[in-house]
file final.cif (mmCIF, C-alpha atoms and all ligand atoms)
data_run
#
loop_
_atom_site.label_atom_id
_atom_site.label_comp_id
_atom_site.auth_asym_id
_atom_site.auth_seq_id
_atom_site.Cartn_x
_atom_site.Cartn_y
_atom_site.Cartn_z
CA MET R 1 17.57 4.97 -1.33
CA HIS R 2 15.28 2.82 0.67
CA LEU R 3 11.77 1.62 -0.15
CA LEU R 4 9.24 0.07 2.20
CA PHE R 5 7.12 -2.55 0.44
CA ILE R 6 3.96 -3.44 2.33
CA ASN R 7 2.73 -6.81 1.15
CA ALA R 8 -0.96 -7.06 2.05
CA CYS R 9 -1.77 -9.94 -0.29
CA PRO R 10 -3.38 -12.71 1.79
CA ARG R 11 -3.17 -15.31 -1.01
CA GLY R 12 0.62 -15.23 -0.91
CA GLU R 13 2.50 -16.39 -3.98
CA SER R 14 -0.80 -17.07 -5.84
CA SER R 15 -1.65 -13.39 -5.65
CA ARG R 16 -1.94 -11.53 -8.93
CA THR R 17 -1.63 -8.25 -7.04
CA LEU R 18 1.72 -9.38 -5.67
CA ALA R 19 2.88 -10.28 -9.19
CA LEU R 20 1.81 -6.84 -10.44
CA SER R 21 3.66 -5.00 -7.68
CA ARG R 22 6.81 -7.05 -8.24
CA VAL R 23 7.01 -5.84 -11.84
CA TYR R 24 7.10 -2.29 -10.52
CA LEU R 25 9.72 -3.12 -7.89
CA GLU R 26 11.92 -4.90 -10.42
CA ALA R 27 11.80 -1.86 -12.73
CA LEU R 28 12.81 0.39 -9.84
CA GLU R 29 15.51 -1.92 -8.56
CA THR R 30 17.36 -1.89 -11.88
CA ALA R 31 18.41 1.63 -10.86
CA GLY R 32 20.96 -0.10 -8.63
CA ASN R 33 20.85 2.32 -5.69
CA VAL R 34 17.51 1.08 -4.36
CA THR R 35 17.02 -1.31 -1.46
CA VAL R 36 13.60 -2.71 -0.58
CA THR R 37 12.38 -3.85 2.83
CA GLU R 38 9.34 -6.08 2.55
CA ARG R 39 6.84 -5.98 5.39
CA ARG R 40 4.58 -8.95 4.82
CA LEU R 41 1.38 -8.47 6.79
CA SER R 42 0.28 -11.55 8.69
CA GLY R 43 -2.37 -12.76 11.08
CA ASN R 44 -0.21 -11.54 13.99
CA LEU R 45 -1.68 -8.07 13.49
CA THR R 46 -4.56 -7.33 15.87
CA PRO R 47 -6.93 -4.36 16.32
CA LEU R 48 -5.89 -1.63 18.75
CA THR R 49 -7.38 -2.11 22.21
CA ALA R 50 -6.82 -0.51 25.63
CA ASP R 51 -3.65 -2.60 26.04
CA ASP R 52 -2.12 -0.70 23.12
CA PHE R 53 -2.38 2.66 24.94
CA PRO R 54 -0.22 2.32 28.04
CA GLY R 55 -0.94 5.31 30.28
CA GLY R 56 -3.99 6.25 28.26
CA GLN R 57 -2.51 8.13 25.28
CA GLN R 58 0.98 6.93 24.47
CA ARG R 59 1.57 4.02 22.10
CA THR R 60 3.56 0.85 22.60
CA ASP R 61 7.19 0.51 21.54
CA GLY R 62 6.08 -2.03 18.95
CA ASP R 63 3.71 0.42 17.24
CA VAL R 64 6.26 3.23 17.42
CA SER R 65 8.93 1.12 15.73
CA LEU R 66 6.49 -0.05 13.04
CA ALA R 67 5.52 3.59 12.45
CA ARG R 68 9.20 4.67 12.34
CA GLU R 69 9.87 2.11 9.64
CA LEU R 70 7.20 3.82 7.53
CA ALA R 71 8.34 7.34 8.42
CA ASP R 72 11.98 6.65 7.51
CA ALA R 73 11.37 5.12 4.06
CA ASP R 74 12.24 7.14 0.95
CA GLY R 75 9.20 5.72 -0.80
CA VAL R 76 6.26 3.49 0.17
CA VAL R 77 4.70 0.79 -2.00
CA ILE R 78 1.55 -1.10 -1.06
CA ALA R 79 0.22 -4.22 -2.75
CA ALA R 80 -3.33 -5.17 -1.72
CA PRO R 81 -6.17 -6.85 -3.61
CA TYR R 82 -9.54 -5.12 -3.87
CA TRP R 83 -11.76 -6.61 -1.18
CA GLU R 84 -15.13 -5.31 -0.03
CA PHE R 85 -14.71 -2.03 -1.91
CA THR R 86 -11.39 -1.36 -0.14
CA PHE R 87 -8.67 -3.85 0.80
CA PRO R 88 -8.11 -6.74 3.22
CA ALA R 89 -8.56 -6.19 6.97
CA LEU R 90 -4.87 -6.99 7.40
CA LEU R 91 -3.99 -3.67 5.79
CA HIS R 92 -6.56 -1.76 7.85
CA LEU R 93 -4.96 -3.23 10.98
CA TYR R 94 -1.48 -2.23 9.84
CA LEU R 95 -2.56 1.34 9.06
CA GLU R 96 -4.13 1.62 12.50
CA ARG R 97 -0.81 0.62 14.05
CA VAL R 98 1.38 3.03 12.06
CA SER R 99 -0.87 6.07 12.48
CA VAL R 100 1.10 7.22 15.51
CA PRO R 101 0.95 10.96 16.26
CA GLY R 102 4.43 12.37 16.59
CA VAL R 103 5.94 9.69 14.33
CA THR R 104 4.09 9.51 11.00
CA PHE R 105 2.12 12.77 11.41
CA ARG R 106 1.23 15.39 13.99
CA TYR R 107 -1.67 17.68 14.68
CA THR R 108 -1.15 21.43 14.54
CA GLU R 109 -3.51 24.33 15.19
CA THR R 110 -4.12 24.62 11.47
CA GLY R 111 -4.53 20.93 10.69
CA SER R 112 -2.34 17.87 10.43
CA GLU R 113 1.25 17.77 9.24
CA GLY R 114 2.99 14.76 7.70
CA LEU R 115 6.22 13.55 9.28
CA CYS R 116 7.19 10.84 6.79
CA ARG R 117 10.23 11.48 4.61
CA GLY R 118 9.00 9.40 1.64
CA LYS R 119 8.87 11.13 -1.72
CA PHE R 120 6.02 9.01 -3.02
CA PHE R 121 3.33 6.50 -2.14
CA ARG R 122 2.30 3.81 -4.64
CA TYR R 123 -0.65 1.41 -4.49
CA PHE R 124 -1.08 -1.74 -6.58
CA PHE R 125 -4.33 -3.67 -6.65
CA THR R 126 -6.27 -6.16 -8.70
CA ALA R 127 -10.05 -6.53 -8.66
CA GLY R 128 -12.41 -9.31 -9.63
CA GLY R 129 -15.06 -6.96 -11.00
CA PRO R 130 -15.00 -3.98 -13.36
CA VAL R 131 -14.52 -1.40 -10.61
CA PRO R 132 -14.85 2.22 -11.75
CA ALA R 133 -11.94 4.29 -10.40
CA GLU R 134 -14.19 6.45 -8.23
CA GLU R 135 -15.66 3.36 -6.55
CA ASN R 136 -12.33 2.05 -5.31
CA LEU R 137 -12.62 3.23 -1.75
CA GLY R 138 -9.22 1.70 -1.01
CA CYS R 139 -7.70 4.18 -3.42
CA THR R 140 -9.53 7.11 -1.84
CA LEU R 141 -8.57 6.01 1.66
CA LEU R 142 -4.89 5.46 0.84
CA ARG R 143 -4.65 8.76 -1.00
CA HIS R 144 -5.93 10.55 2.10
CA LEU R 145 -3.57 8.65 4.39
CA ALA R 146 -0.59 9.30 2.12
CA GLY R 147 -1.43 13.01 2.40
CA LEU R 148 -1.76 12.77 6.17
CA TYR R 149 1.66 11.13 6.40
CA GLY R 150 3.21 13.78 4.15
CA MET R 151 3.61 11.77 0.95
CA GLY R 152 1.41 13.75 -1.39
CA ASP R 153 2.74 12.08 -4.55
CA PHE R 154 0.21 9.22 -4.68
CA LYS R 155 -0.37 6.95 -7.67
CA ALA R 156 -2.32 3.72 -8.08
CA VAL R 157 -2.04 1.01 -10.73
CA GLY R 158 -4.71 -1.66 -10.93
CA ALA R 159 -6.07 -4.50 -13.03
CA ARG R 160 -9.85 -4.74 -13.00
CA GLY R 161 -12.29 -7.43 -14.08
CA LEU R 162 -9.96 -10.39 -13.52
CA ASP R 163 -12.78 -12.65 -12.31
CA VAL R 164 -15.32 -11.70 -14.98
CA ILE R 165 -16.18 -14.72 -17.07
CA GLY R 166 -15.52 -13.95 -20.72
CA LEU R 167 -12.82 -11.36 -20.12
CA ASP R 168 -9.20 -12.17 -20.87
CA ALA R 169 -7.70 -11.92 -17.37
CA THR R 170 -4.18 -12.63 -18.61
CA ALA R 171 -4.30 -9.80 -21.14
CA ILE R 172 -5.75 -7.37 -18.56
CA LEU R 173 -3.03 -8.26 -16.09
CA GLU R 174 -0.29 -7.93 -18.71
CA LYS R 175 -1.53 -4.45 -19.61
CA ALA R 176 -1.43 -3.44 -15.92
CA LYS R 177 2.07 -4.93 -15.62
CA ALA R 178 3.23 -2.75 -18.51
CA ASP R 179 1.80 0.29 -16.70
CA ALA R 180 3.56 -0.80 -13.48
CA ALA R 181 6.89 -1.22 -15.27
CA ALA R 182 6.56 2.23 -16.86
CA LEU R 183 5.81 3.77 -13.47
CA GLY R 184 8.80 1.99 -11.96
CA LEU R 185 11.08 3.40 -14.63
CA SER R 186 9.78 6.94 -14.17
CA ASP R 187 9.96 6.69 -10.35
CA ARG R 188 13.68 5.92 -10.59
CA ALA R 189 14.21 9.62 -11.22
CA LEU R 190 12.53 10.43 -7.90
CA LEU R 191 15.02 8.30 -6.01
CA SER R 192 18.21 9.61 -7.59
C1 LIG S 1 -12.65 -11.84 0.47
C2 LIG S 1 -12.72 -11.31 -0.94
C3 LIG S 1 -13.41 -10.14 -1.20
C4 LIG S 1 -13.47 -9.64 -2.50
N1 LIG S 1 -14.18 -8.49 -2.74
C5 LIG S 1 -14.26 -8.01 -4.01
C6 LIG S 1 -15.01 -6.82 -4.29
O1 LIG S 1 -15.61 -6.18 -3.41
N2 LIG S 1 -15.05 -6.39 -5.57
C7 LIG S 1 -14.40 -7.03 -6.59
O2 LIG S 1 -14.45 -6.57 -7.73
N3 LIG S 1 -13.68 -8.16 -6.34
C8 LIG S 1 -13.60 -8.65 -5.09
N4 LIG S 1 -12.87 -9.79 -4.84
C9 LIG S 1 -12.13 -10.43 -5.94
C10 LIG S 1 -10.66 -9.96 -5.92
O3 LIG S 1 -10.57 -8.55 -5.96
C11 LIG S 1 -9.88 -10.50 -7.11
O4 LIG S 1 -9.99 -11.89 -7.22
C12 LIG S 1 -8.41 -10.07 -7.01
O5 LIG S 1 -7.77 -10.20 -8.26
C13 LIG S 1 -7.67 -10.93 -5.99
O6 LIG S 1 -6.34 -10.52 -5.94
P1 LIG S 1 -5.14 -11.55 -5.66
O7 LIG S 1 -5.00 -12.44 -6.86
O8 LIG S 1 -3.97 -10.64 -5.48
O9 LIG S 1 -5.49 -12.30 -4.41
C14 LIG S 1 -12.80 -10.31 -3.55
C15 LIG S 1 -12.11 -11.50 -3.28
C16 LIG S 1 -12.05 -11.99 -1.98
C17 LIG S 1 -11.31 -13.29 -1.71
#
call {"tool": "encode", "arguments": {"input": "final.cif", "output": "structure tokens"}}
result
Amino acid sequence: MHLLFINACPRGESSRTLALSRVYLEALETAGNVTVTERRLSGNLTPLTADDFPGGQQRTDGDVSLARELADADGVVIAAPYWEFTFPALLHLYLERVSVPGVTFRYTETGSEGLCRGKFFRYFFTAGGPVPAEENLGCTLLRHLAGLYGMGDFKAVGARGLDVIGLDATAILEKAKADAAALGLSDRALLS
């Protein structure tokens, strides 16, 4: 079983979101039959422009192979901090690149149809403020995209209020890590 881990944490090893997602991955990996490919998003990603549509409609080989990596994974895990009500631009750029018709989804007369084989889509985030669940537009957006790609089993785990003076950020993060570990253990069944 093969997971794609999309690391969209710009602060690298200092990232609390990355630490949270790793707890989940470690819980999953104890199953033994799970391999994880990490795609660490970097500043090499650029917005789509005319150069990315050779011939007008088709997409470049680079985008197709990035999209195939997503389509072929048995499960997809995203780690991205909460920025500007959603997530960092790096992740928006990545999603633009992998939304390739005919690879991750296709349009039909009755709507879109997902082409990804993944059984689930997981999203880990941390937020500086006390973000109510319905205000996390990143969550809403990723849930819709997971559906478009054909991975309707979407779950998010987050730690909120980490930058609020007076709150115990360590305790909040530990609670979220416990939730992430529990989700990792229960997701093992999905991969067997
Ligand atoms: C560029 C930037 C934008 C941010 N935007 C928000 C925001 O809109 N709402 C919020 O609650 N926190 C916001 N934060 C705070 C982060 O969500 C918070 O510090 C988070 O835990 C960072 O995750 P990390 O440790 O994985 O980098 C922002 C931080 C940065 C650097």
call {"tool": "residues_around", "arguments": {"input": "final.cif", "residues": "segment 116-127 of chain R", "least_positions_apart": "4", "cutoff": "6 Å", "atoms": "only C-alpha atoms", "output": "number ranges by chain"}}
result
R: 17, 21, 71-82, 104, 149-151, 153-161
call {"tool": "residues_around", "arguments": {"input": "final.cif", "residues": "Ala89 of chain R", "least_positions_apart": "6", "cutoff": "10 Å", "atoms": "all atoms listed in the file", "output": "ChimeraX atom specification"}}
result
/R:8,10,43,45-47,83,95
call {"tool": "write_last_selection", "arguments": {"input": "final.cif", "atoms": "C-alpha atoms", "output": "tab-separated table (two decimals), in the coordinates of the input"}}
result
chain	number	residue	atom	x	y	z
R	8	ALA	CA	-0.96	-7.06	2.05
R	10	PRO	CA	-3.38	-12.71	1.79
R	43	GLY	CA	-2.37	-12.76	11.08
R	45	LEU	CA	-1.68	-8.07	13.49
R	46	THR	CA	-4.56	-7.33	15.87
R	47	PRO	CA	-6.93	-4.36	16.32
R	83	TRP	CA	-11.76	-6.61	-1.18
R	95	LEU	CA	-2.56	1.34	9.06
call {"tool": "closest_residue", "arguments": {"input": "final.cif", "among": "R:Ala27, R:Ala133, R:Ala182, R:Leu142", "to": "Phe87 of chain R", "atoms": "all atoms listed in the file"}}
result
R:Leu142
call {"tool": "closest_residue", "arguments": {"input": "final.cif", "among": "R:Gly166, R:Phe85, R:Gly111, R:Ala146", "to": "Glu134 of chain R", "atoms": "only C-alpha atoms"}}
result
R:Phe85
call {"tool": "closest_residue", "arguments": {"input": "final.cif", "among": "R:Val131, R:Val36, R:Val23, R:Leu93", "to": "Ala176 of chain R", "atoms": "all atoms listed in the file"}}
result
R:Val23
call {"tool": "atom_distance", "arguments": {"input": "final.cif", "atom1": "atom CA of Lys175 of chain R", "atom2": "atom CA of Leu91 of chain R"}}
result
25.5 Å
call {"tool": "axis_aligned_box", "arguments": {"input": "final.cif", "around": "ligand LIG 1 (chain S)", "padding_each_side": "3 Å", "output": "AutoDock Vina command-line options"}}
result
--center_x -9.8 --center_y -9.7 --center_z -3.9 --size_x 17.6 --size_y 13.1 --size_z 14.7
call {"tool": "decode", "arguments": {"input": "final.cif", "residues": "segment 58-73 of chain R", "atoms": "N, CA and C atoms", "output": "short mmCIF file (atom, residue, chain, number, x, y, z; two decimals), in the first residue's frame"}}
result
data_model
loop_
_atom_site.label_atom_id
_atom_site.label_comp_id
_atom_site.auth_asym_id
_atom_site.auth_seq_id
_atom_site.Cartn_x
_atom_site.Cartn_y
_atom_site.Cartn_z
N GLN R 58 -3.76 20.76 -24.11
CA GLN R 58 -3.07 19.67 -23.43
C GLN R 58 -2.10 20.21 -22.37
N ARG R 59 -1.72 19.34 -21.45
CA ARG R 59 -0.82 19.76 -20.37
C ARG R 59 0.56 19.17 -20.58
N THR R 60 1.54 19.76 -19.92
CA THR R 60 2.92 19.32 -20.10
C THR R 60 3.15 17.95 -19.47
N ASP R 61 4.21 17.28 -19.93
CA ASP R 61 4.56 15.98 -19.36
C ASP R 61 4.80 16.09 -17.85
N GLY R 62 5.40 17.21 -17.45
CA GLY R 62 5.70 17.40 -16.03
C GLY R 62 4.43 17.41 -15.19
N ASP R 63 3.41 18.14 -15.65
CA ASP R 63 2.15 18.20 -14.90
C ASP R 63 1.45 16.84 -14.92
N VAL R 64 1.51 16.17 -16.06
CA VAL R 64 0.85 14.86 -16.16
C VAL R 64 1.50 13.87 -15.19
N SER R 65 2.83 13.90 -15.09
CA SER R 65 3.46 12.92 -14.19
C SER R 65 3.22 13.28 -12.72
N LEU R 66 3.15 14.57 -12.42
CA LEU R 66 2.81 14.98 -11.04
C LEU R 66 1.38 14.53 -10.72
N ALA R 67 0.48 14.69 -11.68
CA ALA R 67 -0.92 14.30 -11.48
C ALA R 67 -1.03 12.78 -11.34
N ARG R 68 -0.23 12.04 -12.13
CA ARG R 68 -0.28 10.56 -12.06
C ARG R 68 0.15 10.08 -10.69
N GLU R 69 1.16 10.76 -10.13
CA GLU R 69 1.63 10.38 -8.80
C GLU R 69 0.47 10.45 -7.80
N LEU R 70 -0.34 11.48 -7.92
CA LEU R 70 -1.50 11.64 -7.04
C LEU R 70 -2.56 10.59 -7.35
N ALA R 71 -2.80 10.37 -8.64
CA ALA R 71 -3.87 9.44 -9.05
C ALA R 71 -3.56 8.01 -8.64
N ASP R 72 -2.28 7.65 -8.59
CA ASP R 72 -1.89 6.26 -8.33
C ASP R 72 -1.76 5.92 -6.85
N ALA R 73 -1.81 6.92 -5.98
CA ALA R 73 -1.61 6.66 -4.54
C ALA R 73 -2.83 5.96 -3.94
#
